[in-house]
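What follows is a short report on a single structure.
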Amino acid sequence: MPHTRPVADSTALHRRSLLAATGAAALSAGTGYALWPGGGRAAAAGTADAADEAVASSSRRAPAAPLAPYTRGTTLAGVSVPRGGGAGGGYRRLGEGPGWPRVTRGELAAARPGRDARRTTLAAFVQLTDLHVIDAQHPLRLEYLRSADVHAWRPHEALTVHGAVSLVERINALRGAPVTGSPLHFAMTTGDNTDNNTRSELDWFLTVLGGGRITPNSGDPRHYEGVQNSGLRQYWQPDSTTRDADKRLGFPHLDGFLAAAVREVNSPGLNLPWYSTVGNHDTMPLGCYASRGDPYLTELAVGGRKLMELGAAEAEKLRRTIRKATDPRGVRYGAFLKSQARAMRSVTPDEARAPFTPAEYVEAHLDPAHHGFGPAGHGYSAANLDAGTQYYAFRVSDDVIGVSLDTTDPGGHYAGSVGTAQLRWLERVLRTHRGDRVIVFSHHTSTSMTNTHRDPARPDERRHDGRELVALLGAHRTVVAWVNGHIHRNAVTAHTGSAGSFWEISTASHVDFPQLARVIELVDNKDGTLSLFTTLVESAAPSRTDYGDLTQTGLAALYRELSCNAPGARTDLAGTPGDRNTELLLKAQAQAQAQAQA
C-alpha cells in the first residue's frame with residue numbers, strides 16, 4: 001500500500017512506515033546481512049512490538065486532519081538577502097527577501113496535468129550537508145594560508161556550532177513536508193560533519209544532532225586562544241580596536257564576542273530519526289591527509305604549539321601543494337610544520353583535539369550518549385565495526401530503500417572514489433531490492449570522485465571514480481536519486497543510464513553562505529511518472545542581526561551574516577533557480593521492471 005493517501009485525504013501509517021519513521025528499520029551495513037541497529041534480533045522484536053502497540057493505539061484516536069503543504073520557514077516563503085554594499089561597496093547587512101519559486105524540470109519525463117490531485121507520498125526527508133563543525137582553535141588549522149589565499153580562513157568559523165544548532169531548530173519547526181504535508185521520515189547528513197577529523201568536533205556534531213549541551217571551546221577552558229585574539233591584522237579581531245583587514249572592509253567591533261563564542265550552547269537535538277554519511281573531512285586531517293599518515297600531525301594536533309602567521313610566498317607554495325594533492329600522506333606537510341617550529345605560538349595542549357579513526361567514528365555514533373531520537377548507530381552498526389566499513393542500507397518506507405555510501409579515500413586527497421568491495425556490495429543491494437525505489441546518499445558528487453589513491457589498508461583493491469558509479473546506478477531502474485554535497489553548491493543534474501534514469505541532487509553547505517539544507521519529497525504521480533520535490537531551508541536564526549545580542553540565537557544570526565561577507569566568498573553557491581526549489585520528474589520504472597522479472 002502507498003505510504004500516504006493523496007494530499008486531500010486523511011492519512012494512516014502502515015506498520016512498516018511507522019518503523020521507518022521511528023528509525024527502527026535498518027538493512028545491510030556493508031556485509032549483506034539484514035540488521036536491526038543497536039541490539040540485534042531481540043531489540044528488533046521489542047521495537048516491533050512497540051510499533052504494533054502504537055498502531056493499535058492510534059487506530060482508536062480521532063481521524064487525522066487532512067495533510068496540507070507546509071512552506072513556513074522554507075525558502076519558498078522567504079530567504080535572507082544582502083541589503084546594500086557588495087560589488088566593492090563594503091560590508092552588507094542581511095534582511096528578509098522574497099522566496100525562491102519552484103521550477104519544474106522535465107528532462108527525464110514530461111509533466112502531466114492533474115498529477116497534483118493523484119499523487120501519493122513515498123518518502124519525505126531532510127538533507128543536511130557540510131556542516132563543518134569547527135574547533136576554531138585547533139593547532140592544525142590552515143588559517144595562516146590567508147596571506148596567500150583569502151579563502152583559507154573564514155571570519156565566522158568560531159560560530160559553526162551555533163549555526164548548526166539553529167538549523168536543527170528550523171528542521172524541528174517544520175510541521176510537514178512543503179509540498180505534500182507528509183510527516184518527515186528522517187534526516188540524513190551527507191558528510192563533512194566535522195572539519196578537521198578531530199574528536200572535539202565529532203563530539204560537538206553528535207551532540208548538536210542528538211541533543212545536549214556543548215561548550216565549543218578547546219585548550220584553555222577559561223578563554224579563547226587563537227587567531228582572533230592574536231593581534232595579527234590579517235584576521236578579524238572582533239574584541240580589539242585593531243584596524244585589521246576585515247574591519248577595513250566594514251566588519252564590526254564586538255566587545256565580548258570571543259567570550260560569547262566559547263560559552264555553553266544547548267541543542268534540542270533533531271526531533272526525527274537521523275542518519276549519518278561520512279565525508280573526507282570526517283576521515284582525514286585537514287580533509288586531505290591519510291589518517292595513517294605522518295604521526296607528527298597527531299603530535300601537533302594535541303600539543304601546545306600553533307602556527308598562526310606565514311609569509312605570502314611560503315603560504316602560496318604550501319597552498320599549491322595541498323590543492324594538487326601530491327602529498328596525500330602529509331609527509332611533506334609534516335616536514336614543513338617542523339621547519340616552522342620557532343614561529344609557532346604557545347597554546348594549551350588538549351587530548352580532545354586528537355584525530356579519530358574510521359572505527360572510532362562508527363563507535364561514536366553507536367555510543368548510547370549520542371542516541372538522540374535514534375536509530376541506534378544512526379545507520380551504522382556493529383557489523384560496520386566487524387567489517388571495517390562505513391556504508392550501509394536502510395528502509396525508508398514500504399517502497400523506498402536508502403543507501404549510504406563511503407566515497408572517501410583513506411589513501412589521501414579531498415576528492416573521492418569507492419573501492420571494488422563497496423561497489424560490488426552496492427550492486428547486490430540494488431539487485432536485491434528490484435521492487436523498491438532506491439535513494440543513494442554520499443558525500444562526494446559524481447564529478448568530484450576523481451581520486452584513485454589506493455587505500456593503505458587494502459592496497460590491492462582498485463578504486464572506482466564517479467563515472468563508474470553513475471554507470472552502475474544508471475544500470476538499475478530502481479534508482480531514483482543520488483543525494484550528496486561536498487561542492488558547497490546547489491546543483492541538480494539529470495542522468496540517463498543503460499536501463500534507467502535518476503536525478504543527482506547536490507546541496508550547498510552550512511558553513512558557506514547561503515547556508516542551506518534541503519527537504520526532499522518522493523511522490524508517485526499515478527500516471528507512470530514520479531516526482532522529486534526539493535525545497536531549501538535556512539536556519540531558524542533571524543535574517544537581521546543585532547550586534548548587541550550575543551546570545552545563542554544572536555550568534556547564529558551573526559554566523560550567517562559573517563559568512564555572506566567573508567572576503568572572497570563565492571556568490572554562485574545558491575545555484576540557478578533550477579538547482580534550488582524544484583520538481584524533478586522521472587518515469588516510474590521500478591515497479592514495472594520488478595513485475596516483468598517476477
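Chain labels run A, B, ... following the order of the C-alpha cells; each chain numbers its residues from 1, and ligands are numbered from 1 in the order shown.
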
Write out as JSON lines the residues of region 261-347 of chain A that have any atom within 12 Å of an atom of region 441-461 of chain A, one row each with the nearest atom pair and its distance in Å to one decimal, counting only C-alpha atoms, sorted by chain and then rising number.
```
{"residue": "A:Tyr275", "atom": "CA", "partner": "A:Phe441", "partner_atom": "CA", "distance": 10.3}
{"residue": "A:Ser276", "atom": "CA", "partner": "A:Phe441", "partner_atom": "CA", "distance": 9.5}
{"residue": "A:Thr277", "atom": "CA", "partner": "A:Ser442", "partner_atom": "CA", "distance": 6.4}
{"residue": "A:Val278", "atom": "CA", "partner": "A:His443", "partner_atom": "CA", "distance": 6.6}
{"residue": "A:Gly279", "atom": "CA", "partner": "A:His443", "partner_atom": "CA", "distance": 5.3}
{"residue": "A:Asn280", "atom": "CA", "partner": "A:His443", "partner_atom": "CA", "distance": 7.9}
{"residue": "A:His281", "atom": "CA", "partner": "A:His443", "partner_atom": "CA", "distance": 10.1}
{"residue": "A:Asp282", "atom": "CA", "partner": "A:His443", "partner_atom": "CA", "distance": 10.4}
{"residue": "A:Thr283", "atom": "CA", "partner": "A:His443", "partner_atom": "CA", "distance": 11.5}
{"residue": "A:Cys288", "atom": "CA", "partner": "A:Asn451", "partner_atom": "CA", "distance": 11.0}
{"residue": "A:Tyr289", "atom": "CA", "partner": "A:His453", "partner_atom": "CA", "distance": 11.5}
{"residue": "A:Ala290", "atom": "CA", "partner": "A:Pro456", "partner_atom": "CA", "distance": 8.6}
{"residue": "A:Ser291", "atom": "CA", "partner": "A:Pro456", "partner_atom": "CA", "distance": 9.6}
{"residue": "A:Arg292", "atom": "CA", "partner": "A:Pro456", "partner_atom": "CA", "distance": 8.0}
{"residue": "A:Gly293", "atom": "CA", "partner": "A:Pro456", "partner_atom": "CA", "distance": 9.7}
{"residue": "A:Lys324", "atom": "CA", "partner": "A:Asn451", "partner_atom": "CA", "distance": 11.5}
{"residue": "A:Ala325", "atom": "CA", "partner": "A:Asn451", "partner_atom": "CA", "distance": 9.7}
{"residue": "A:Thr326", "atom": "CA", "partner": "A:His453", "partner_atom": "CA", "distance": 10.6}
{"residue": "A:Asp327", "atom": "CA", "partner": "A:His453", "partner_atom": "CA", "distance": 11.1}
{"residue": "A:Pro328", "atom": "CA", "partner": "A:His453", "partner_atom": "CA", "distance": 8.3}
{"residue": "A:Arg329", "atom": "CA", "partner": "A:Pro456", "partner_atom": "CA", "distance": 10.1}
```

Quiz item: Which residues in region 186-425 of chain A does DSSP call strand (DSSP E)? List them as an MDAnalysis selection string.
Solution: chainID A and resid 186:190 212:214 265:267 274:277 305:306 345:346 392:397 400:404 418:419

Atoms kept (N, CA and C atoms) for selection, written as a compact mmCIF listing (two decimals), in the first residue's frame:
```txt
# COMPACT_ATOMS: atom_id res chain seq x y z
N PHE A 186 12.82 11.19 8.19
CA PHE A 186 14.15 11.17 8.79
C PHE A 186 14.96 12.33 8.25
N ALA A 187 16.14 12.51 8.81
CA ALA A 187 17.14 13.45 8.28
C ALA A 187 18.41 12.67 7.97
N MET A 188 19.10 13.09 6.95
CA MET A 188 20.39 12.50 6.57
C MET A 188 21.41 13.61 6.44
N THR A 189 22.55 13.46 7.09
CA THR A 189 23.64 14.41 6.90
C THR A 189 24.70 13.76 6.03
N THR A 190 25.01 14.39 4.91
CA THR A 190 25.85 13.76 3.89
C THR A 190 27.31 14.19 3.95
N GLY A 212 21.74 18.09 23.57
CA GLY A 212 22.56 18.22 24.77
C GLY A 212 23.30 19.54 24.80
N ARG A 213 24.18 19.66 25.79
CA ARG A 213 24.93 20.90 26.00
C ARG A 213 26.34 20.75 25.44
N ILE A 214 26.80 21.81 24.80
CA ILE A 214 28.11 21.83 24.13
C ILE A 214 28.85 23.08 24.56
N VAL A 265 26.47 26.07 24.79
CA VAL A 265 25.35 26.13 23.86
C VAL A 265 24.45 24.92 24.13
N ASN A 266 23.16 25.11 24.00
CA ASN A 266 22.23 24.00 24.22
C ASN A 266 21.55 23.64 22.90
N SER A 267 21.62 22.36 22.53
CA SER A 267 20.93 21.89 21.32
C SER A 267 19.75 21.02 21.71
N TRP A 274 17.62 10.31 12.56
CA TRP A 274 18.64 10.86 11.67
C TRP A 274 19.74 9.84 11.41
N TYR A 275 20.26 9.94 10.19
CA TYR A 275 21.30 9.04 9.71
C TYR A 275 22.52 9.87 9.32
N SER A 276 23.66 9.20 9.24
CA SER A 276 24.92 9.91 9.02
C SER A 276 25.71 9.27 7.89
N THR A 277 26.27 10.09 7.03
CA THR A 277 27.16 9.66 5.97
C THR A 277 28.51 10.35 6.17
N ARG A 305 51.59 23.94 20.59
CA ARG A 305 52.17 24.91 19.65
C ARG A 305 51.25 25.06 18.45
N LYS A 306 51.09 26.31 17.98
CA LYS A 306 50.19 26.58 16.85
C LYS A 306 50.79 27.64 15.94
N ARG A 345 53.21 29.73 18.08
CA ARG A 345 52.86 30.34 19.37
C ARG A 345 52.39 29.27 20.34
N SER A 346 52.51 29.57 21.64
CA SER A 346 52.08 28.64 22.67
C SER A 346 50.56 28.67 22.83
N TYR A 392 26.15 1.47 4.42
CA TYR A 392 25.03 0.66 4.90
C TYR A 392 23.79 0.98 4.07
N ALA A 393 22.74 0.17 4.26
CA ALA A 393 21.44 0.42 3.64
C ALA A 393 20.37 0.39 4.71
N PHE A 394 19.27 1.09 4.49
CA PHE A 394 18.19 1.13 5.47
C PHE A 394 16.86 1.33 4.74
N ARG A 395 15.78 0.84 5.38
CA ARG A 395 14.47 1.01 4.77
C ARG A 395 13.88 2.35 5.17
N VAL A 396 13.46 3.10 4.17
CA VAL A 396 12.84 4.41 4.39
C VAL A 396 11.34 4.26 4.61
N SER A 397 10.68 3.48 3.75
CA SER A 397 9.24 3.26 3.83
C SER A 397 8.93 1.97 3.09
N VAL A 400 10.62 2.24 -0.43
CA VAL A 400 11.84 3.01 -0.66
C VAL A 400 12.97 2.51 0.24
N ILE A 401 14.14 2.33 -0.36
CA ILE A 401 15.35 1.94 0.35
C ILE A 401 16.35 3.10 0.27
N GLY A 402 17.04 3.38 1.37
CA GLY A 402 18.13 4.34 1.38
C GLY A 402 19.46 3.62 1.43
N VAL A 403 20.45 4.13 0.73
CA VAL A 403 21.79 3.56 0.71
C VAL A 403 22.79 4.67 1.00
N SER A 404 23.57 4.51 2.05
CA SER A 404 24.60 5.49 2.41
C SER A 404 25.96 4.94 2.03
N VAL A 418 35.29 4.99 -4.68
CA VAL A 418 34.86 3.84 -3.89
C VAL A 418 35.71 2.64 -4.29
N GLY A 419 35.90 1.74 -3.33
CA GLY A 419 36.65 0.52 -3.61
C GLY A 419 35.78 -0.54 -4.27
```

Practice problem: Could you give me, as number ranges by chain, the residues within 9 Å of Glu107 (chain A), counting only C-alpha atoms and dropping anything in the same chain fewer than 5 positions from it? | Solution: A: 494, 584-586

Filtering to all heavy atoms, could you give me those residues as a CSV table (one decimal), in the first residue's frame?
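To be explicit, this is the file written out as selection20.csv:
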```
chain,number,residue,atom,x,y,z
A,494,ALA,N,20.5,15.7,-14.3
A,494,ALA,CA,19.8,14.6,-14.8
A,494,ALA,C,20.8,13.6,-15.3
A,494,ALA,O,21.7,13.9,-16.1
A,494,ALA,CB,18.8,15.0,-15.8
A,584,LEU,N,11.3,17.5,-9.9
A,584,LEU,CA,12.1,16.7,-10.8
A,584,LEU,C,11.3,15.5,-11.2
A,584,LEU,O,11.1,14.6,-10.4
A,584,LEU,CB,13.4,16.3,-10.1
A,584,LEU,CG,14.2,17.5,-9.4
A,584,LEU,CD1,15.4,16.9,-8.6
A,584,LEU,CD2,14.7,18.5,-10.4
A,585,LEU,N,11.0,15.4,-12.5
A,585,LEU,CA,10.1,14.3,-12.9
A,585,LEU,C,11.0,13.2,-13.5
A,585,LEU,O,12.1,13.4,-14.1
A,585,LEU,CB,9.2,14.8,-14.0
A,585,LEU,CG,8.0,15.6,-13.4
A,585,LEU,CD1,7.9,17.0,-14.1
A,585,LEU,CD2,6.7,14.8,-13.5
A,586,LEU,N,10.5,12.0,-13.3
A,586,LEU,CA,11.2,10.8,-14.0
A,586,LEU,C,10.1,9.7,-14.1
A,586,LEU,O,9.1,9.7,-13.5
A,586,LEU,CB,12.4,10.3,-13.2
A,586,LEU,CG,12.2,9.7,-11.8
A,586,LEU,CD1,13.5,8.9,-11.5
A,586,LEU,CD2,12.0,10.7,-10.8
```

Self-check item: Selection near Leu536 (chain A), 10 Å with only C-alpha atoms, sequence-local residues under 4 positions removed, as a ChimeraX atom specification
Solution: /A:73-76,79,100,126-127,178,490,507-508,515-520,574,579-582

Practice problem: Give me the residues within 12 Å of Val362 (chain A) as a PyMOL selection string, counting only C-alpha atoms and dropping any in the same chain fewer than 5 places off. | Solution: chain A and resi 29+202+206+275-278+282-283+356-357+367+370+376-392

Same residues, C-alpha atoms, output as a short mmCIF file (atom, residue, chain, number, x, y, z; two decimals), in the first residue's frame:
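Once written, result.cif looks like this:
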```
data_model
loop_
_atom_site.label_atom_id
_atom_site.label_comp_id
_atom_site.auth_asym_id
_atom_site.auth_seq_id
_atom_site.Cartn_x
_atom_site.Cartn_y
_atom_site.Cartn_z
CA ALA A 29 25.57 -2.49 6.90
CA LEU A 202 32.93 14.80 16.45
CA LEU A 206 26.86 14.31 17.53
CA TYR A 275 21.30 9.04 9.71
CA SER A 276 24.92 9.91 9.02
CA THR A 277 27.16 9.66 5.97
CA VAL A 278 30.92 10.15 6.14
CA ASP A 282 35.46 13.30 8.81
CA THR A 283 38.05 10.77 7.66
CA PHE A 356 39.76 9.83 15.19
CA THR A 357 39.91 6.64 13.14
CA ASP A 367 27.52 5.35 21.77
CA HIS A 370 24.52 10.13 21.19
CA ALA A 376 20.84 3.39 17.41
CA GLY A 377 24.06 3.95 15.45
CA HIS A 378 22.33 6.37 13.05
CA GLY A 379 22.73 3.83 10.26
CA TYR A 380 25.98 2.30 11.42
CA SER A 381 26.05 -1.00 13.31
CA ALA A 382 28.40 -3.50 14.93
CA ALA A 383 28.63 -5.12 11.50
CA ASN A 384 30.42 -2.00 10.23
CA LEU A 385 32.97 -2.35 13.03
CA ASP A 386 33.47 -6.04 12.26
CA ALA A 387 33.89 -5.43 8.53
CA GLY A 388 35.81 -2.14 8.80
CA THR A 389 33.24 -0.36 6.60
CA GLN A 390 31.30 2.91 6.74
CA TYR A 391 28.46 2.16 4.33
CA TYR A 392 25.03 0.66 4.90
#
```

Practice problem: Work out how far CA of Asp546 (chain A) is from CA of Asp255 (chain A), in Å to one decimal. | Solution: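 Computing it gives 13.1 Å between the two atoms.
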
Give one line per residue of region 201-297 of chain A that approaches region 564-573 of chain A to at most 12 Å, naming the two atoms of the closest pair and their distance in Å to one decimal, counting only C-alpha atoms; sort by chain then ascending residue number and deliver it as a tab-separated table.
```
residue	atom	partner	partner_atom	distance
A:Gln234	CA	A:Pro567	CA	11.2
A:Tyr235	CA	A:Pro567	CA	10.8
A:Trp236	CA	A:Ala566	CA	10.3
A:Ala245	CA	A:Pro567	CA	9.7
A:Asp246	CA	A:Pro567	CA	7.8
A:Lys247	CA	A:Pro567	CA	11.1
A:Arg248	CA	A:Pro567	CA	11.2
A:Leu249	CA	A:Pro567	CA	8.5
A:Gly250	CA	A:Asn565	CA	9.2
A:Phe251	CA	A:Asn565	CA	8.3
A:Pro252	CA	A:Asn565	CA	11.3
```

Practice problem: Name the residues of region 363-575 of chain A that fall into alpha helix (DSSP H) according to DSSP on the backbone, using the chain letters and numbers of this document, as a PyMOL selection string. | Solution: chain A and resi 363-366+382-387+420-432+466-474+552-565

Quiz item: Which neighbours of region 163-170 of chain A fall inside 9 Å, counting only C-alpha atoms, when residues of the same chain fewer than 5 positions from it are skipped, and could you give them as a PyMOL selection string?
Solution: chain A and resi 73-74+128+131+133+205+208-209+265-271+510-511+515-517+537-541+552-553+555-560

Quiz item: So how many Å separate CA of Ala301 (chain A) and CA of Trp153 (chain A), to one decimal?
Solution: 17.9 Å

Quiz prompt | Straight-line distance linking CA of Tyr70 (chain A) with CA of Thr180 (chain A), stated in Å to one decimal | solution =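 Answer for the CA of Tyr70 (chain A) to CA of Thr180 (chain A) separation: 7.9 Å.
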
Self-check item: Option closest in space to Ala315 (chain A), from A:Ala124, A:Tyr144, A:Arg332, A:Ser230 [counting only C-alpha atoms]
Solution: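 Comparing A:Ala124, A:Tyr144, A:Arg332, A:Ser230 against Ala315 (chain A), the winner is A:Tyr144.
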